>>> print(open('upload35.cif').read())   # mmCIF, C-alpha atoms
data_start
loop_
_atom_site.label_atom_id
_atom_site.label_comp_id
_atom_site.auth_asym_id
_atom_site.auth_seq_id
_atom_site.Cartn_x
_atom_site.Cartn_y
_atom_site.Cartn_z
CA MET Y 105 -37.16 -24.27 -35.04
CA ASN Y 106 -40.64 -25.61 -35.18
CA ASN Y 107 -42.98 -26.53 -32.35
CA THR Y 108 -41.78 -30.12 -32.14
CA ALA Y 109 -38.22 -28.98 -31.72
CA ILE Y 110 -39.21 -26.52 -28.99
CA TYR Y 111 -41.21 -29.20 -27.26
CA ARG Y 112 -38.37 -31.70 -27.50
CA ASN Y 113 -35.84 -29.23 -26.14
CA ILE Y 114 -38.05 -28.27 -23.21
CA VAL Y 115 -38.65 -31.91 -22.33
CA ARG Y 116 -34.94 -32.64 -22.62
CA ALA Y 117 -34.11 -29.63 -20.46
CA ILE Y 118 -36.53 -30.64 -17.73
CA GLY Y 119 -35.39 -34.27 -17.84
CA LEU Y 120 -31.68 -33.46 -17.66
CA LEU Y 121 -32.21 -30.84 -14.94
CA LEU Y 122 -34.21 -33.28 -12.83
CA LEU Y 123 -31.52 -35.92 -13.30
CA GLN Y 124 -28.77 -33.46 -12.44
CA LEU Y 125 -30.42 -31.82 -9.48
CA LEU Y 126 -32.24 -34.70 -7.84
CA VAL Y 127 -29.99 -37.66 -8.60
CA LEU Y 128 -26.46 -36.69 -9.62
CA ASN Y 129 -26.42 -33.93 -7.00
CA ARG Y 130 -26.53 -36.66 -4.36
CA VAL Y 131 -23.97 -38.99 -5.94
CA ASP Y 132 -20.62 -38.99 -4.21
CA LEU Y 133 -17.95 -40.50 -6.42
CA GLY Y 134 -14.97 -39.88 -4.19
CA ILE Y 135 -12.67 -42.91 -3.98
CA GLY Y 136 -10.48 -42.37 -0.96
CA SER Y 137 -8.62 -39.12 -1.47
CA PHE Y 138 -9.41 -39.16 -5.19
CA HIS Y 139 -12.35 -36.78 -5.37
CA TYR Y 140 -12.07 -35.44 -8.89
CA ILE Y 141 -14.99 -37.29 -10.51
CA HIS Y 142 -18.22 -35.33 -10.95
CA PHE Y 143 -21.19 -35.72 -13.25
CA LEU Y 144 -22.20 -32.54 -15.02
CA ILE Y 145 -25.01 -33.42 -17.39
CA TYR Y 146 -26.95 -30.16 -17.59
CA PRO Y 147 -24.63 -28.45 -20.15
CA PHE Y 148 -26.00 -30.85 -22.75
CA ILE Y 149 -29.26 -28.87 -22.69
CA ILE Y 150 -27.37 -25.97 -24.23
CA LEU Y 151 -25.19 -28.20 -26.38
CA MET Y 152 -28.17 -29.92 -27.99
CA LEU Y 153 -30.10 -26.75 -28.91
CA PRO Y 154 -30.75 -26.51 -32.66
CA VAL Y 155 -27.96 -24.83 -34.62
CA ASN Y 156 -30.13 -21.95 -35.77
CA THR Y 157 -31.32 -20.99 -32.28
CA PRO Y 158 -30.86 -17.22 -31.85
CA LYS Y 159 -27.59 -16.57 -30.04
CA ALA Y 160 -29.21 -14.30 -27.47
CA VAL Y 161 -31.71 -17.04 -26.63
CA VAL Y 162 -28.79 -19.44 -26.08
CA LEU Y 163 -27.15 -17.00 -23.69
CA LEU Y 164 -30.33 -16.29 -21.74
CA ALA Y 165 -31.14 -20.00 -21.54
CA SER Y 166 -27.59 -20.68 -20.32
CA PHE Y 167 -27.96 -18.11 -17.60
CA ALA Y 168 -31.37 -19.38 -16.54
CA ILE Y 169 -30.26 -23.02 -16.41
CA GLY Y 170 -27.06 -22.10 -14.61
CA ILE Y 171 -28.94 -20.17 -11.95
CA THR Y 172 -31.38 -23.06 -11.50
CA VAL Y 173 -28.53 -25.50 -10.97
CA ASP Y 174 -26.84 -23.03 -8.63
CA MET Y 175 -29.92 -22.90 -6.45
CA PHE Y 176 -29.69 -26.60 -5.78
CA TYR Y 177 -25.91 -26.72 -5.53
CA ASN Y 178 -25.97 -23.77 -3.15
CA SER Y 179 -23.28 -21.94 -5.10
CA PRO Y 180 -24.89 -18.77 -6.49
CA GLY Y 181 -23.43 -17.76 -9.83
CA VAL Y 182 -20.75 -20.42 -10.30
CA HIS Y 183 -22.65 -22.71 -12.70
CA ALA Y 184 -24.30 -19.71 -14.33
CA ALA Y 185 -20.99 -18.01 -15.07
CA ALA Y 186 -19.52 -21.20 -16.52
CA LEU Y 187 -22.59 -22.05 -18.59
CA VAL Y 188 -22.79 -18.51 -20.02
CA VAL Y 189 -19.20 -18.88 -21.18
CA THR Y 190 -20.11 -22.23 -22.77
CA GLY Y 191 -23.17 -20.76 -24.46
CA TYR Y 192 -21.16 -17.82 -25.72
CA LEU Y 193 -18.46 -20.02 -27.24
CA ARG Y 194 -21.01 -22.48 -28.72
CA ALA Y 195 -21.50 -20.37 -31.84
CA LEU Y 196 -17.76 -20.18 -32.41
CA ILE Y 197 -17.22 -23.92 -31.98
CA LEU Y 198 -20.18 -24.68 -34.25
CA ARG Y 199 -18.74 -22.44 -36.96
CA PHE Y 200 -15.36 -24.05 -36.47
CA LEU Y 201 -16.77 -27.59 -36.79
CA ALA Y 202 -19.23 -26.75 -39.60
CA PRO Y 203 -19.48 -29.51 -42.23
CA TYR Y 204 -18.45 -28.71 -45.77
CA GLU Y 205 -22.01 -28.24 -47.01
CA GLY Y 206 -23.03 -26.20 -43.94
CA TYR Y 207 -25.86 -26.75 -41.49
CA THR Y 208 -29.42 -27.11 -42.65
CA ASN Y 209 -32.19 -25.18 -40.98
CA LYS Y 210 -33.36 -28.18 -39.05
CA THR Y 211 -30.03 -29.42 -37.76
CA SER Y 212 -29.69 -30.14 -34.07
CA PRO Y 213 -26.23 -31.28 -33.02
CA THR Y 214 -27.52 -34.63 -31.75
CA LEU Y 215 -25.99 -38.04 -32.21
CA VAL Y 216 -28.83 -39.11 -34.48
CA GLN Y 217 -28.59 -36.15 -36.85
CA THR Y 218 -24.82 -35.87 -36.99
CA GLY Y 219 -22.22 -38.56 -37.22
CA PHE Y 220 -20.67 -40.23 -34.17
CA SER Y 221 -17.22 -38.71 -34.69
CA TRP Y 222 -18.57 -35.18 -35.19
CA PHE Y 223 -20.77 -35.56 -32.15
CA ILE Y 224 -17.86 -36.75 -29.98
CA SER Y 225 -15.55 -33.94 -31.08
CA TYR Y 226 -18.26 -31.28 -30.62
CA THR Y 227 -19.44 -32.45 -27.20
CA SER Y 228 -15.96 -33.12 -25.85
CA VAL Y 229 -14.70 -29.66 -26.86
CA MET Y 230 -17.78 -28.00 -25.39
CA MET Y 231 -17.60 -30.04 -22.18
CA LEU Y 232 -13.92 -29.27 -21.79
CA ILE Y 233 -14.72 -25.57 -22.07
CA HIS Y 234 -17.59 -25.84 -19.65
CA CYS Y 235 -15.80 -27.92 -17.03
CA PHE Y 236 -12.68 -25.82 -17.20
CA ALA Y 237 -14.75 -22.66 -16.79
CA TYR Y 238 -16.78 -24.22 -14.00
CA PHE Y 239 -13.84 -25.40 -11.92
CA SER Y 240 -12.01 -22.14 -12.54
CA PHE Y 241 -14.96 -20.15 -11.24
CA GLU Y 242 -15.26 -22.55 -8.35
CA ALA Y 243 -11.62 -22.14 -7.34
CA PHE Y 244 -11.65 -18.49 -8.44
CA THR Y 245 -7.88 -18.50 -8.70
CA PHE Y 246 -5.39 -20.27 -10.97
CA VAL Y 247 -3.16 -21.07 -8.02
CA TYR Y 248 -4.67 -24.56 -7.99
CA PHE Y 249 -4.35 -25.05 -11.73
CA PHE Y 250 -3.43 -28.73 -11.43
CA ASP Y 251 -6.56 -29.41 -9.38
CA ILE Y 252 -8.67 -27.55 -11.92
CA PHE Y 253 -7.08 -29.59 -14.71
CA LEU Y 254 -7.67 -32.96 -13.00
CA ASN Y 255 -11.24 -32.02 -12.12
CA THR Y 256 -11.90 -31.03 -15.72
CA ILE Y 257 -10.55 -34.27 -17.19
CA PHE Y 258 -12.28 -36.55 -14.70
CA THR Y 259 -15.59 -34.75 -15.09
CA VAL Y 260 -15.71 -34.52 -18.88
CA ILE Y 261 -15.22 -38.23 -19.53
CA PRO Y 262 -17.88 -39.74 -17.19
CA SER Y 263 -20.37 -36.98 -18.06
CA LEU Y 264 -19.90 -37.62 -21.75
CA VAL Y 265 -20.26 -41.39 -21.32
CA LEU Y 266 -23.39 -40.93 -19.22
CA PHE Y 267 -24.95 -38.59 -21.75
CA ILE Y 268 -24.22 -40.90 -24.67
CA LEU Y 269 -25.82 -43.76 -22.77
CA LEU Y 270 -28.89 -41.62 -22.08
CA HIS Y 271 -28.90 -40.55 -25.69
CA LEU Y 272 -28.94 -44.15 -26.84
CA ILE Y 273 -31.66 -45.11 -24.35
CA PHE Y 274 -33.98 -42.24 -25.31
CA ARG Y 275 -33.01 -42.26 -28.97
CA SER Y 276 -36.60 -42.08 -30.23
CA LYS Y 277 -37.36 -39.02 -28.12
CA PHE Y 278 -34.52 -36.90 -29.47
CA MET M 126 -30.47 6.86 -32.14
CA GLY M 127 -30.46 4.70 -35.25
CA ASN M 128 -26.73 4.19 -34.82
CA VAL M 129 -27.20 3.01 -31.27
CA PHE M 130 -29.75 0.51 -32.49
CA LEU M 131 -27.35 -0.73 -35.17
CA ILE M 132 -24.57 -1.13 -32.65
CA LEU M 133 -26.92 -3.05 -30.36
CA LEU M 134 -27.96 -5.28 -33.26
CA ARG M 135 -24.37 -5.92 -34.21
CA PHE M 136 -22.75 -6.35 -30.80
CA GLY M 137 -25.81 -7.06 -28.68
CA TYR M 138 -24.84 -10.71 -28.39
CA HIS M 139 -21.43 -9.83 -26.94
CA ILE M 140 -22.90 -7.14 -24.71
CA LEU M 141 -25.45 -9.64 -23.45
CA PHE M 142 -22.66 -12.13 -22.79
CA PHE M 143 -20.67 -9.66 -20.73
CA LEU M 144 -23.81 -8.53 -18.93
CA LEU M 145 -24.77 -12.06 -17.92
CA GLU M 146 -21.18 -12.91 -17.02
CA PHE M 147 -21.04 -9.80 -14.89
CA VAL M 148 -24.23 -10.75 -13.08
CA ALA M 149 -22.97 -14.29 -12.53
CA ILE M 150 -19.59 -13.16 -11.19
CA TYR M 151 -21.34 -10.60 -9.02
CA LEU M 152 -23.40 -13.43 -7.55
CA ILE M 153 -20.31 -15.61 -7.09
CA VAL M 154 -18.40 -12.90 -5.30
CA ASN M 155 -21.29 -11.81 -3.12
CA TYR M 156 -22.75 -15.10 -2.04
CA ASN M 157 -19.81 -17.53 -1.88
CA GLN M 158 -17.53 -17.18 1.07
CA SER M 159 -14.26 -18.52 -0.32
CA GLN M 160 -14.59 -16.78 -3.69
CA LYS M 161 -15.51 -13.59 -1.89
CA GLU M 162 -12.37 -13.78 0.20
CA ILE M 163 -10.20 -14.47 -2.83
CA PHE M 164 -11.82 -11.59 -4.71
CA ILE M 165 -11.37 -9.16 -1.85
CA ASN M 166 -7.82 -10.32 -1.32
CA SER M 167 -6.87 -10.02 -5.01
CA THR M 168 -8.47 -6.62 -5.44
CA ASN M 169 -6.77 -5.54 -2.25
CA ILE M 170 -3.40 -6.57 -3.61
CA LEU M 171 -4.07 -4.73 -6.88
CA ALA M 172 -5.53 -1.66 -5.24
CA THR M 173 -2.84 -1.54 -2.61
CA SER M 174 -0.02 -1.67 -5.12
CA VAL M 175 -1.63 1.08 -7.23
CA ASN M 176 -2.41 3.14 -4.14
CA GLN M 177 1.11 2.73 -2.90
CA LYS M 178 2.52 4.06 -6.17
CA VAL M 179 0.21 7.08 -6.06
CA ASP M 180 1.01 7.63 -2.39
CA ASP M 181 4.72 7.50 -3.09
CA LEU M 182 4.31 10.12 -5.80
CA GLU M 183 2.18 12.30 -3.58
CA ARG M 184 4.59 11.99 -0.70
CA PHE M 185 7.46 12.89 -2.97
CA SER M 186 5.72 16.03 -4.16
CA ASN M 187 4.89 16.95 -0.56
CA LEU M 188 8.39 16.28 0.68
CA GLN M 189 9.28 19.94 1.12
CA GLN M 190 6.11 20.63 3.05
CA THR M 191 6.57 17.57 5.24
CA ASN M 192 10.12 18.59 5.92
CA ASP M 193 9.09 22.06 7.04
CA GLN M 194 6.40 20.60 9.22
CA LEU M 195 8.84 18.19 10.85
CA LYS M 196 11.28 21.00 11.49
CA LEU M 197 8.55 22.97 13.22
CA GLU M 198 7.58 19.93 15.28
CA ASN M 199 11.19 19.41 16.28
CA ALA M 200 11.44 23.05 17.25
CA ARG M 201 8.40 22.63 19.52
CA LEU M 202 9.92 19.52 21.10
CA VAL M 203 13.28 21.13 21.77
CA GLU M 204 11.43 24.17 23.13
CA ARG M 205 9.70 21.93 25.64
CA PHE M 206 13.00 20.37 26.57
CA ILE M 207 14.49 23.81 27.21
CA GLN M 208 11.42 24.83 29.20
CA GLU M 209 11.85 21.75 31.38
CA ASN M 210 15.43 22.73 32.09
CA VAL M 211 14.45 26.26 32.99
CA ASN M 212 11.51 25.16 35.12
CA SER M 213 13.42 22.56 37.08
CA THR M 214 15.43 25.32 38.71
CA ALA M 215 12.50 27.66 39.30
CA GLN M 216 10.52 27.27 42.52
CA ASN M 217 7.86 29.92 42.16
CA ILE M 218 4.74 29.02 40.22
CA ASP M 219 4.63 32.53 38.71
CA THR M 220 8.13 32.08 37.39
CA LEU M 221 7.10 28.81 35.88
CA VAL M 222 4.37 30.44 33.86
CA SER M 223 6.49 33.35 32.73
CA ASP M 224 9.50 31.15 32.12
CA SER M 225 7.54 28.79 29.98
CA LEU M 226 7.17 31.63 27.52
CA LYS M 227 10.78 32.68 27.67
CA TYR M 228 12.28 30.81 24.71
CA GLU M 229 10.97 30.31 21.23
CA LEU M 230 12.68 28.26 18.54
CA ILE M 231 12.65 29.23 14.88
CA PRO M 232 13.49 26.37 12.51
CA ALA M 233 16.10 27.33 9.94
CA THR M 234 17.95 25.75 7.04
CA ILE M 235 21.67 26.14 6.64
CA CYS M 236 22.40 27.22 3.07
CA ASN M 237 26.09 27.93 3.22
CA SER M 238 28.85 27.13 5.64
CA THR M 239 32.58 26.74 6.04
CA TYR M 240 34.32 24.37 8.43
CA THR M 241 37.89 24.20 7.35
CA LEU M 242 39.02 27.77 8.10
CA ARG M 243 40.21 29.19 11.39
CA ASN M 244 37.19 31.49 11.53
CA ASN M 245 34.11 29.74 10.23
CA ASN M 246 30.69 31.19 9.44
CA LEU M 247 27.35 29.87 8.31
CA THR M 248 24.47 31.36 6.37
CA LEU M 249 20.86 30.55 7.25
CA CYS M 250 18.12 30.76 4.63
CA GLN M 251 15.86 32.57 7.10
CA GLY M 252 16.23 36.16 8.14
CA SER M 253 14.43 38.93 9.93
CA LEU M 254 11.19 38.05 8.15
CA SER M 255 11.17 34.79 10.10
CA GLY M 256 11.87 36.65 13.34
CA ILE M 257 15.63 36.16 13.55
CA GLU M 258 17.60 38.97 15.17
CA LYS M 259 21.20 39.74 15.86
CA ASP M 260 22.84 37.95 18.82
CA MET M 261 20.46 35.04 18.89
CA GLY M 262 21.85 31.57 19.50
CA VAL M 263 21.65 28.80 16.92
CA ILE M 264 21.37 25.21 18.15
CA THR M 265 20.39 21.72 17.03
CA ASP M 266 18.61 19.21 19.21
CA ASN M 267 21.92 17.92 20.57
CA GLY M 268 24.44 20.66 20.18
CA LEU M 269 25.41 24.23 19.49
CA VAL M 270 25.86 25.77 16.06
CA GLY M 271 26.74 29.40 16.62
CA ILE M 272 25.52 32.93 17.21
CA VAL M 273 23.72 35.20 14.73
CA ARG M 274 25.94 38.16 13.81
CA ASN M 275 24.08 39.76 10.97
CA VAL M 276 20.53 39.63 9.61
CA SER M 277 19.00 40.57 6.27
CA PRO M 278 15.30 40.07 5.46
CA ASN M 279 15.84 36.58 4.07
CA TYR M 280 19.26 35.50 5.30
CA SER M 281 21.25 35.50 8.48
CA ARG M 282 24.97 35.21 8.98
CA VAL M 283 25.99 33.02 11.86
CA MET M 284 29.35 32.91 13.58
CA SER M 285 30.06 29.24 14.05
CA ILE M 286 31.29 27.84 17.35
CA LEU M 287 34.30 26.92 15.20
CA HIS M 288 35.47 30.55 15.28
CA SER M 289 38.33 32.20 17.13
CA GLN M 290 35.99 34.86 18.56
CA SER M 291 33.47 32.36 19.82
CA LEU M 292 33.35 32.29 23.64
CA ILE M 293 30.40 30.40 25.03
CA ASP M 294 29.65 29.98 28.69
CA CYS M 295 29.22 26.30 29.48
CA ALA M 296 28.98 24.16 32.56
CA ILE M 297 29.74 20.63 33.66
CA LYS M 298 26.38 19.05 34.24
CA ARG M 299 27.46 16.99 37.24
CA ASN M 300 28.67 19.83 39.49
CA ASN M 301 27.56 22.95 37.62
CA ALA M 302 31.11 24.31 37.36
CA HIS M 303 31.31 27.10 34.78
CA GLY M 304 33.86 27.58 32.07
CA THR M 305 34.22 29.06 28.62
CA LEU M 306 34.05 27.01 25.49
CA ILE M 307 36.55 27.98 22.78
CA TRP M 308 37.91 26.40 19.64
CA ASN M 309 41.61 26.04 19.10
CA GLY M 310 41.25 25.51 15.38
CA ARG M 311 42.50 21.96 14.95
CA ASN M 312 39.66 19.41 14.99
CA SER M 313 36.07 20.34 14.15
CA ARG M 314 34.74 17.75 16.63
CA ILE M 315 36.92 18.86 19.56
CA LEU M 316 36.47 22.13 21.48
CA ASN M 317 38.21 23.34 24.61
CA LEU M 318 36.67 24.27 27.91
CA ILE M 319 38.86 26.71 29.82
CA ASP M 320 38.65 28.69 33.07
CA ILE M 321 37.60 25.79 35.25
CA PRO M 322 39.61 26.15 38.47
CA LYS M 323 41.71 23.23 39.56
CA HIS M 324 39.93 22.63 42.87
CA ILE M 325 36.84 21.37 41.05
CA SER M 326 36.63 17.68 40.29
CA VAL M 327 36.51 17.03 36.59
CA LEU M 328 36.20 13.54 35.19
CA GLN M 329 36.65 12.16 31.75
CA GLY M 330 33.20 11.54 30.22
CA ASP M 331 31.40 14.31 32.10
CA THR M 332 28.61 15.94 30.11
CA ILE M 333 28.96 19.57 29.15
CA ILE M 334 25.80 21.70 28.86
CA THR M 335 25.16 25.38 28.30
CA SER M 336 25.01 27.33 31.52
CA GLY M 337 22.24 29.76 30.61
CA TYR M 338 24.19 32.67 32.05
CA SER M 339 24.05 34.68 28.84
CA THR M 340 20.91 35.74 27.02
CA ILE M 341 21.97 33.83 23.94
CA PHE M 342 21.62 30.14 24.83
CA PRO M 343 19.10 28.67 27.24
CA LYS M 344 20.29 26.51 30.08
CA GLY M 345 20.78 22.82 29.57
CA ILE M 346 21.47 22.40 25.85
CA LEU M 347 23.69 19.35 25.48
CA VAL M 348 27.07 20.26 24.01
CA GLY M 349 29.42 17.32 24.38
CA LYS M 350 31.38 15.18 26.76
CA ILE M 351 34.83 15.56 28.24
CA LYS M 352 37.41 13.64 26.30
CA GLU M 353 40.62 14.59 28.01
CA VAL M 354 41.57 16.61 31.09
CA THR M 355 45.03 18.10 31.53
CA LEU M 356 46.46 20.44 34.12
CA ALA M 357 49.53 22.30 32.93
CA ASN M 358 52.37 22.86 35.39
CA GLY M 359 51.85 26.10 37.32
CA SER M 360 48.41 26.66 35.82
CA ASN M 361 45.43 27.45 37.96
CA SER M 362 42.78 25.97 35.67
CA TYR M 363 42.25 22.83 33.70
CA ASP M 364 42.63 22.48 29.99
CA ILE M 365 39.69 20.29 29.00
CA SER M 366 39.00 18.98 25.50
CA VAL M 367 35.32 18.41 24.80
CA GLU M 368 34.04 16.08 22.13
CA LEU M 369 30.85 17.45 20.58
CA PHE M 370 27.69 15.34 20.43
CA ASN M 371 26.81 16.66 16.99
CA ASP M 372 29.11 16.93 14.03
CA PRO M 373 29.02 20.57 12.86
CA VAL M 374 30.21 19.52 9.40
CA THR M 375 27.13 17.47 8.51
CA LEU M 376 24.42 19.82 9.71
CA ASN M 377 21.76 21.16 7.40
CA THR M 378 19.00 22.28 9.72
CA ALA M 379 19.14 24.20 12.96
CA PHE M 380 16.97 26.17 15.37
CA VAL M 381 17.43 29.82 16.15
CA VAL M 382 16.73 30.53 19.82
CA ARG M 383 14.71 33.62 20.52
CA ASN M 384 14.90 34.78 24.12
CA LYS M 385 11.90 37.01 24.69
CA GLN M 386 13.32 38.53 27.85
CA ALA M 387 16.80 39.22 26.52
CA ALA M 388 16.32 42.99 26.18
CA GLU M 389 15.01 43.27 29.72
CA GLN M 390 17.88 41.25 31.17
CA LEU M 391 20.52 43.18 29.21
CA ALA M 392 19.00 46.53 30.21
CA ILE M 393 19.09 45.82 33.92
CA GLU M 394 22.57 44.32 33.66
CA SER M 395 23.98 47.36 31.86
CA GLN M 396 22.37 49.76 34.37
CA THR M 397 23.86 48.06 37.41
CA SER M 398 27.33 47.53 36.03
CA GLN M 399 28.09 51.24 35.92
#
>>> encode(input="upload35.cif", output="structure tokens")
Amino acid sequence: MNNTAIYRNIVRAIGLLLLQLLVLNRVDLGIGSFHYIHFLIYPFIILMLPVNTPKAVVLLASFAIGITVDMFYNSPGVHAAALVVTGYLRALILRFLAPYEGYTNKTSPTLVQTGFSWFISYTSVMMLIHCFAYFSFEAFTFVYFFDIFLNTIFTVIPSLVLFILLHLIFRSKF
Amino acid sequence: MGNVFLILLRFGYHILFFLLEFVAIYLIVNYNQSQKEIFINSTNILATSVNQKVDDLERFSNLQQTNDQLKLENARLVERFIQENVNSTAQNIDTLVSDSLKYELIPATICNSTYTLRNNNLTLCQGSLSGIEKDMGVITDNGLVGIVRNVSPNYSRVMSILHSQSLIDCAIKRNNAHGTLIWNGRNSRILNLIDIPKHISVLQGDTIITSGYSTIFPKGILVGKIKEVTLANGSNSYDISVELFNDPVTLNTAFVVRNKQAAEQLAIESQTSQ
């Protein structure tokens, strides 16, 4: 990971956090009694870290970002717990989805560097993990499993669409 | 030390994960109201079920001790009941004080007994070491058991009220008429009250209590109720069958009554009768 990559990741992190905390935090997408749609864009900071980032750094970054989000969402620990799970499982998923020839040193799992299909499968799996963990920690019991399930589905899809749109808009920056 | 470092290097990532997860969950549980409630509730359910199991086990192992304790407590309660009976007839305050010390109950376990013979006896697992002496009465909280005939250090032999030699002075609670309670050997729940003269009114259902005229039983122990009253032709006294309140067949604990003034009473009685 060279200086440009660090710089890019920091800029991306700040941008996504600002978007999440100052804009999406205030968006209410409830339609009548259907209140399952949420935008969770901040996990992409962890998702887009270069493949060869030290695992411990990923975990610590996950915790730090989670706590930051929690401060604004007024839910100490919930986002952090979910994002640490996501960061922990990132290495496993990356190994599982590794291309035949392996990752190069410079690879970041972005849309530009990887193919569209690989990107979709990677991000959707990771977002499913994150959203499921997040809503589980939020409910803190599996009694409401159906609610957790609906929340997960209706959060993953819009978040993914939003991120891909952002990705395409800021293509040159990534 | 080197090994510790190697382990950290190898598993540090996982340890870090669990550490951060722990911190996050700690934050969730401590600073979020609903999650906190769920956490407390769940841990309560878990802890309670485990605690209950341990408690059950502990209670089971303490069963003997608890039993002894309860017997002692019962003895104290029946003692108070007897004291009340004694005191209600006493007018003098000095008598009250001395009377309140008159009877002491010793809890005892019945280890052997017969009920089907004409002359029945019981064995108590307590003897002279527990303070039991010959000629003490044995009662339960709602009935009579018998009279101690013989004592060894650890056992006592009790003549049951279901015995041909058993003659116990009893009274009808309503009018304090005295009679003698005997057993005719047929039914272990039915005893006979004799020697009640025919001029006294006796009704079916009257309660029979001990009279307290002997040194063996205190006054006012419930015995049973009158089941049937007959007056034979030419007889001067009733033949009354009394149904016991307790079933002597199913007993396994009893109290031995210790009358602290028995010796004194017997001494003065024997002096004057000459």
>>> closest_residue(input="upload35.cif", among="Y:His139, Y:Arg194, Y:Lys159, Y:Arg130", to="chain M", atoms="only C-alpha atoms")
Y:Lys159
>>> interface_residues(input="upload35.cif", of="chain M", to="chain Y", cutoff="9 Å", atoms="all atoms listed in the file", output="PyMOL selection string")
chain M and resi 137-139+141-142+145-157+159-160+163-164
>>> resolve_selection(input="upload35.cif", expression="the PyMOL selection byres ((chain Y and resi 221-224) around 12)", output="VMD selection string")
chain Y and resid 148 151 to 152 197 to 198 200 to 203 212 to 220 225 to 232 260 to 261 264 to 265 267 to 268 271
>>> residues_around(input="upload35.cif", residues="Leu120 of chain Y", least_positions_apart="5", cutoff="10 Å", atoms="only C-alpha atoms", output="PyMOL selection string")
chain Y and resi 114-115+125-126+144-149+267+270
>>> residues_near_point(input="upload35.cif", point="(22.4, 25.7, 30.4)", cutoff="10 Å", atoms="only C-alpha atoms", output="ChimeraX atom specification")
/M:207,210-211,294-298,301,333-339,342-348
>>> resolve_selection(input="upload35.cif", expression="the PyMOL selection byres ((chain M and resi 246) around 12)", output="PyMOL selection string")
chain M and resi 235-245+247-249+263+270-275+281-291+373-374
>>> atom_distance(input="upload35.cif", atom1="atom CA of Pro322 of chain M", atom2="atom CA of Ser366 of chain M")
14.8 Å
>>> atom_distance(input="upload35.cif", atom1="atom CA of Ser137 of chain Y", atom2="atom CA of Phe246 of chain Y")
21.4 Å
>>> atom_distance(input="upload35.cif", atom1="atom CA of Phe206 of chain M", atom2="atom CA of Thr265 of chain M")
12.1 Å
>>> closest_residue(input="upload35.cif", among="M:Thr340, M:Gln190, M:Gln208, M:Gln158", to="Glu394 of chain M", atoms="only C-alpha atoms")
M:Thr340
>>> residues_around(input="upload35.cif", residues="Thr355 of chain M", least_positions_apart="4", cutoff="8 Å", atoms="only C-alpha atoms", output="PyMOL selection string")
chain M and resi 363-365
>>> resolve_selection(input="upload35.cif", expression="the PyMOL selection byres ((chain M and resi 353) around 12)", output="ChimeraX atom specification")
/M:315-318,327-331,350-352,354-356,363-368
>>> residues_around(input="upload35.cif", residues="Ser255 of chain M", least_positions_apart="6", cutoff="10 Å", atoms="all atoms listed in the file", output="list in words")
Ile231, Pro232, Ala233, Pro278, Asn279 and Tyr280 of chain M
>>> write_last_selection(input="upload35.cif", atoms="C-alpha atoms", output="compact mmCIF listing (two decimals), in the frame of the given file")
# COMPACT_ATOMS: atom_id res chain seq x y z
CA ILE M 231 12.65 29.23 14.88
CA PRO M 232 13.49 26.37 12.51
CA ALA M 233 16.10 27.33 9.94
CA PRO M 278 15.30 40.07 5.46
CA ASN M 279 15.84 36.58 4.07
CA TYR M 280 19.26 35.50 5.30
>>> axis_aligned_box(input="upload35.cif", around="segment 193-210 of chain Y", padding_each_side="5 Å", output="JSON")
{"center_x": -24.4, "center_y": -24.8, "center_z": -37.1, "size_x": 28.0, "size_y": 19.5, "size_z": 29.8}
>>> closest_residue(input="upload35.cif", among="M:Asp266, M:Asn371, M:Val175, M:Gln189", to="Arg205 of chain M", atoms="only C-alpha atoms")
M:Asp266
>>> closest_residue(input="upload35.cif", among="M:Arg184, M:Thr378, M:Ile293, M:Gly310", to="Ile264 of chain M", atoms="all atoms listed in the file")
M:Thr378
>>> decode(input="upload35.cif", residues="segment 240-247 of chain Y", atoms="N, CA and C atoms", output="PDB file, in the first residue's frame")
ATOM      1  N   SER Y 240     -29.063  -7.614  13.832  1.00  0.00           N
ATOM      2  CA  SER Y 240     -29.093  -8.556  14.954  1.00  0.00           C
ATOM      3  C   SER Y 240     -28.665  -7.864  16.236  1.00  0.00           C
ATOM      4  N   PHE Y 241     -27.569  -7.098  16.131  1.00  0.00           N
ATOM      5  CA  PHE Y 241     -27.105  -6.390  17.340  1.00  0.00           C
ATOM      6  C   PHE Y 241     -28.111  -5.339  17.780  1.00  0.00           C
ATOM      7  N   GLU Y 242     -28.815  -4.766  16.784  1.00  0.00           N
ATOM      8  CA  GLU Y 242     -29.794  -3.749  17.131  1.00  0.00           C
ATOM      9  C   GLU Y 242     -30.967  -4.363  17.877  1.00  0.00           C
ATOM     10  N   ALA Y 243     -31.438  -5.525  17.374  1.00  0.00           N
ATOM     11  CA  ALA Y 243     -32.565  -6.181  18.045  1.00  0.00           C
ATOM     12  C   ALA Y 243     -32.085  -6.907  19.298  1.00  0.00           C
ATOM     13  N   PHE Y 244     -30.863  -7.435  19.218  1.00  0.00           N
ATOM     14  CA  PHE Y 244     -30.210  -8.132  20.330  1.00  0.00           C
ATOM     15  C   PHE Y 244     -30.929  -9.415  20.742  1.00  0.00           C
ATOM     16  N   THR Y 245     -31.804  -9.880  19.890  1.00  0.00           N
ATOM     17  CA  THR Y 245     -32.471 -11.154  20.150  1.00  0.00           C
ATOM     18  C   THR Y 245     -32.942 -11.674  18.802  1.00  0.00           C
ATOM     19  N   PHE Y 246     -33.001 -12.992  18.642  1.00  0.00           N
ATOM     20  CA  PHE Y 246     -33.460 -13.546  17.369  1.00  0.00           C
ATOM     21  C   PHE Y 246     -34.957 -13.824  17.390  1.00  0.00           C
ATOM     22  N   VAL Y 247     -35.625 -13.263  18.404  1.00  0.00           N
ATOM     23  CA  VAL Y 247     -37.079 -13.439  18.464  1.00  0.00           C
ATOM     24  C   VAL Y 247     -37.718 -12.797  17.233  1.00  0.00           C
TER      25      VAL Y 247
END
